[in-house]
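Structure, as structure tokens:
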Amino acid sequence: MTETKLTGKRIFAYFIDMVIVLIISSLFSNIEFLNPNLEKYEKAYKSYYKTVLKGENLNINSVELTDISYNMSKYGLSMNVISTVVTLLYFGIFQYYNKGQTIGKKLLKIKILSNKDKKIKLTQILGRSLIINSILASALTTLAIVVLSKQHYLIANTTIQLIDMIIVFISIAFILFREDGRGLHDILLSTTVVSEDVKKIVTENKDQIKKTKKTSEKGEK
């Protein structure tokens with residue numbers, strides 16, 4: 001399979017997976033017990049939408065804009081925690097126990113393997129998920145809203161999001177332009193994404209080599 005075709009499969013699989021994660025996160029976020037500030041968040045979002053996105057209030061000052069942004073983050077804390085946990089469980093735990101495949105990868109017949117030709121470890125799956133799925137950035141943002149003041153949080157949040165965006169863009173660029181199609185997260189965690197067909201061919205070749213060696217050894221005896 002060409003790297004271009006594999007990259008296309010990876011992108012489509014990721015889109016499917018993100019839709020699944022979004023649906024699950026939304027379902028849990030609408031449970032009042034898990035998200036007690038849902039109504040306050042919706043009010044804050046409406047204010048943000050009218051003021052910033054639609055530009056209905058052109059006379060808004062920077063202090064008011066800061067308050068609106070901060071309130072969205074503060075009241076969206078539970079939603080952020082839910083989304084982070086769901087993403088971690090799906091791309092980390094579920095993918096590991098499903099032998100390197102999410103639902104999207106399963107449908108597109110691709111999987112994650114250890115680049116060292118060994119069984120992939122949980123630490124590898126979790127590590128790459130922290131990077132490419134922005135789990136680490138989400139966790140740091142959640143921590144920042146809890147422990148920092150309003151002004152310090154907004155600075156920290158902007159910095160975290162910027163760094164995360166740069167890392168993700170670098171990973172995507174690596175996937176698109178590297179000959180082996182490995183992203184930054186793959187390189188750091190010694191993983192690679194392959195087609196199931198390629199995995200099958202490699203396994204069959206290894207089995208054939210083993211059989212040939214055994215036959216040769218018997219012939220020598």
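By convention here, the chains of the structure tokens are called A, B, ... in the order presented, each chain's residues are numbered starting at 1, and ligands are numbered starting at 1 in the order presented.
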As a PyMOL selection string, please: the residues near Asn35 of chain A (cut-off 10 Å, only C-alpha atoms, same-chain neighbours under 5 positions excluded).
chain A and resi 28-30+41+75-82
Same residues, N, CA and C atoms, output as a compact mmCIF listing (two decimals), in the first residue's frame:
# COMPACT_ATOMS: atom_id res chain seq x y z
N PHE A 28 -22.35 12.15 28.24
CA PHE A 28 -21.98 12.26 29.66
C PHE A 28 -22.06 13.70 30.16
N SER A 29 -21.76 14.65 29.29
CA SER A 29 -21.78 16.06 29.69
C SER A 29 -23.19 16.56 29.97
N ASN A 30 -24.18 15.88 29.44
CA ASN A 30 -25.58 16.28 29.66
C ASN A 30 -26.18 15.63 30.90
N TYR A 41 -22.72 27.22 31.97
CA TYR A 41 -21.85 27.18 30.79
C TYR A 41 -22.63 27.62 29.55
N TYR A 75 -16.94 27.41 33.85
CA TYR A 75 -18.16 26.61 33.88
C TYR A 75 -18.08 25.39 32.97
N GLY A 76 -17.08 25.40 32.08
CA GLY A 76 -16.89 24.25 31.20
C GLY A 76 -15.88 23.26 31.74
N LEU A 77 -15.47 23.46 33.01
CA LEU A 77 -14.45 22.60 33.62
C LEU A 77 -14.86 21.13 33.62
N SER A 78 -16.10 20.85 34.05
CA SER A 78 -16.57 19.46 34.10
C SER A 78 -16.60 18.84 32.71
N MET A 79 -17.02 19.62 31.73
CA MET A 79 -17.06 19.13 30.35
C MET A 79 -15.66 18.81 29.85
N ASN A 80 -14.70 19.64 30.23
CA ASN A 80 -13.32 19.42 29.81
C ASN A 80 -12.76 18.14 30.44
N VAL A 81 -13.09 17.92 31.72
CA VAL A 81 -12.64 16.71 32.41
C VAL A 81 -13.26 15.48 31.76
N ILE A 82 -14.56 15.54 31.48
CA ILE A 82 -15.26 14.41 30.85
C ILE A 82 -14.64 14.10 29.49
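Residues in contact with Gln101 of chain A at up to 8 Å, not including ones fewer than 3 positions away on its chain and judged by only C-alpha atoms, are Gln95, Tyr96, Asn98, Gly104, Lys105, Lys106, Ile110, Lys111 and Ile112 of chain A.
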Produce a file of the selected residues containing C-alpha atoms, as a CSV table (one decimal), in the first residue's frame.
chain,number,residue,atom,x,y,z
A,95,GLN,CA,-7.1,1.0,21.7
A,96,TYR,CA,-4.4,-1.0,23.6
A,98,ASN,CA,-8.1,-3.8,21.1
A,104,GLY,CA,-12.0,3.9,13.1
A,105,LYS,CA,-8.8,2.0,12.6
A,106,LYS,CA,-10.7,-1.3,12.6
A,110,ILE,CA,-5.1,-0.2,9.9
A,111,LYS,CA,-3.4,-0.6,13.3
A,112,ILE,CA,-0.6,0.7,15.5
Restricting to only C-alpha atoms, whichever of A:Leu27, A:Ile103, A:Leu154, A:Val21 is closest to Thr84 of chain A is A:Val21
I need the strand (DSSP E) residues of segment 2-219 of chain A per DSSP on the backbone, written as a VMD selection string.
chain A and resid 110 to 114 191 to 195
Nearest to Ile131 of chain A by atom-to-atom distance, counting only C-alpha atoms, from A:Gln151, A:Thr159, A:Thr102, A:Thr87:
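Counting only C-alpha atoms, the residue closest to Ile131 of chain A is A:Thr87.
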So, with only C-alpha atoms as the atoms that count, which of A:Ile160, A:Ile120, A:Ile167, A:Leu6 lies closest to Ala139 of chain A?
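Residue with the minimum atom-to-atom distance to Ala139 of chain A: A:Ile160.
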For segment 63-67 of chain A, list every protein, DNA or RNA residue within 10 Å, evaluated using only C-alpha atoms, and leave out those in the same chain fewer than 6 positions away; present the list as a list in words.
Ala44, Ser47, Tyr48, Thr51, Val52, Ser73, Lys150, Gln151 and Leu154 of chain A
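Reported to one decimal place, the separation of atom CA of Ile135 of chain A from atom CA of Leu88 of chain A is 6.8 Å.
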From the list A:Lys74, A:His185, A:Lys121, A:Lys116, which residue is nearest Pro36 of chain A when using only C-alpha atoms?
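For Pro36 of chain A, the nearest of the given residues is A:Lys74.
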Residue nearest Phe15 of chain A among A:Asn133, A:Ser149, A:Tyr70, A:Lys46 (counting only C-alpha atoms)
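So, comparing all the options, the nearest one is A:Asn133.
All residues of protein, DNA or RNA that reach within 10 Å of Leu189 of chain A, judged by only C-alpha atoms and not counting those fewer than 2 positions away in the chain, are Ser114, Asn115, Lys121, Thr123, Gln124, Ile125, Leu126, Gly127, Arg128, Gly183, Leu184, His185, Asp186, Ile187, Thr191 and Thr192 of chain A.
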Can you list every residue in segment 34-201 of chain A that DSSP puts in helix (DSSP H, G or I), as a PyMOL selection string?
chain A and resi 38-53+62-75+77-97+103-108+122-132+135-147+150-177+184-189+196-201
Just-selected residues, C-alpha atoms written as a compact mmCIF listing (two decimals), in the first residue's frame:
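The resulting file, out.txt, is reproduced below:
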# COMPACT_ATOMS: atom_id res chain seq x y z
CA LEU A 38 -24.13 22.96 32.44
CA GLU A 39 -26.72 25.77 32.59
CA LYS A 40 -24.11 28.33 33.63
CA TYR A 41 -21.85 27.18 30.79
CA GLU A 42 -24.67 27.50 28.26
CA LYS A 43 -25.37 31.06 29.45
CA ALA A 44 -21.67 31.93 29.25
CA TYR A 45 -21.47 30.44 25.76
CA LYS A 46 -24.52 32.42 24.59
CA SER A 47 -22.89 35.59 25.87
CA TYR A 48 -19.64 34.67 24.09
CA TYR A 49 -21.50 33.83 20.88
CA LYS A 50 -23.46 37.08 20.79
CA THR A 51 -20.56 39.28 21.82
CA VAL A 52 -17.59 37.73 20.06
CA LEU A 53 -18.79 35.50 17.23
CA SER A 62 -11.02 43.95 27.09
CA VAL A 63 -11.98 43.36 30.74
CA GLU A 64 -15.50 42.25 29.83
CA LEU A 65 -14.14 40.04 27.04
CA THR A 66 -11.70 38.45 29.48
CA ASP A 67 -14.54 37.77 31.93
CA ILE A 68 -16.63 36.09 29.24
CA SER A 69 -13.75 33.87 28.12
CA TYR A 70 -12.86 32.97 31.70
CA ASN A 71 -16.46 32.11 32.62
CA MET A 72 -16.70 29.78 29.65
CA SER A 73 -13.59 27.95 30.81
CA LYS A 74 -14.64 27.92 34.47
CA TYR A 75 -18.16 26.61 33.88
CA LEU A 77 -14.45 22.60 33.62
CA SER A 78 -16.57 19.46 34.10
CA MET A 79 -17.06 19.13 30.35
CA ASN A 80 -13.32 19.42 29.81
CA VAL A 81 -12.64 16.71 32.41
CA ILE A 82 -15.26 14.41 30.85
CA SER A 83 -13.85 14.96 27.36
CA THR A 84 -10.29 14.33 28.55
CA VAL A 85 -11.22 11.12 30.37
CA VAL A 86 -13.28 9.78 27.46
CA THR A 87 -10.46 10.57 25.01
CA LEU A 88 -7.89 8.88 27.24
CA LEU A 89 -10.03 5.77 27.73
CA TYR A 90 -10.85 5.51 24.03
CA PHE A 91 -7.50 6.28 22.39
CA GLY A 92 -5.46 4.86 25.26
CA ILE A 93 -7.02 1.95 27.15
CA PHE A 94 -9.54 0.75 24.56
CA GLN A 95 -7.06 1.00 21.70
CA TYR A 96 -4.43 -0.96 23.65
CA TYR A 97 -6.75 -3.83 24.59
CA ILE A 103 -13.16 1.61 15.87
CA GLY A 104 -12.03 3.95 13.09
CA LYS A 105 -8.79 2.04 12.56
CA LYS A 106 -10.68 -1.27 12.62
CA LEU A 107 -13.08 -0.08 9.92
CA LEU A 108 -10.21 1.22 7.76
CA LEU A 122 0.40 0.30 27.04
CA THR A 123 2.92 3.07 27.74
CA GLN A 124 3.44 3.52 23.98
CA ILE A 125 -0.28 3.78 23.28
CA LEU A 126 -0.86 6.17 26.18
CA GLY A 127 2.21 8.26 25.34
CA ARG A 128 1.23 8.84 21.71
CA SER A 129 -2.36 9.60 22.77
CA LEU A 130 -1.17 12.26 25.23
CA ILE A 131 0.57 14.00 22.33
CA ILE A 132 -1.53 13.58 19.18
CA ILE A 135 -4.85 14.83 26.23
CA LEU A 136 -1.84 16.33 28.01
CA ALA A 137 -2.81 19.84 26.90
CA SER A 138 -6.39 19.32 28.12
CA ALA A 139 -5.17 18.02 31.48
CA LEU A 140 -2.84 20.99 31.94
CA THR A 141 -5.62 23.42 30.99
CA THR A 142 -7.92 21.79 33.53
CA LEU A 143 -5.25 22.08 36.23
CA ALA A 144 -4.63 25.71 35.33
CA ILE A 145 -8.29 26.74 35.73
CA VAL A 146 -8.30 25.16 39.20
CA VAL A 147 -5.07 26.55 40.65
CA LYS A 150 -8.09 34.59 36.12
CA GLN A 151 -5.29 36.55 34.45
CA HIS A 152 -2.67 33.86 34.97
CA TYR A 153 -5.04 31.18 33.70
CA LEU A 154 -5.74 33.01 30.44
CA ILE A 155 -2.00 33.42 29.81
CA ALA A 156 -1.31 29.78 30.68
CA ASN A 157 -4.21 28.55 28.56
CA THR A 158 -3.07 30.53 25.52
CA THR A 159 0.49 29.22 25.94
CA ILE A 160 -0.62 25.60 26.37
CA GLN A 161 -2.92 25.72 23.36
CA LEU A 162 -0.23 27.33 21.19
CA ILE A 163 2.39 24.71 22.11
CA ASP A 164 -0.12 21.90 21.58
CA MET A 165 -1.08 23.31 18.18
CA ILE A 166 2.56 23.48 17.09
CA ILE A 167 3.21 19.88 18.19
CA VAL A 168 0.12 18.59 16.39
CA PHE A 169 1.02 20.51 13.20
CA ILE A 170 4.55 19.10 13.30
CA SER A 171 3.14 15.58 13.72
CA ILE A 172 0.77 16.05 10.80
CA ALA A 173 3.59 17.45 8.63
CA PHE A 174 5.73 14.42 9.47
CA ILE A 175 2.90 12.05 8.55
CA LEU A 176 2.35 13.82 5.24
CA PHE A 177 5.95 14.33 4.17
CA LEU A 184 6.33 13.05 15.79
CA HIS A 185 4.33 11.01 18.32
CA ASP A 186 5.25 7.80 16.46
CA ILE A 187 8.95 8.68 16.49
CA LEU A 188 9.00 9.60 20.18
CA LEU A 189 7.11 6.46 21.23
CA GLU A 196 -3.58 -4.93 8.31
CA ASP A 197 -2.68 -6.41 4.90
CA VAL A 198 0.97 -5.41 5.41
CA LYS A 199 0.95 -6.87 8.91
CA LYS A 200 -0.45 -10.13 7.53
CA ILE A 201 2.21 -10.32 4.79
What separation in Å, quoted to one decimal, exists between atom CA of Leu113 of chain A and atom CA of Val194 of chain A?
7.3 Å
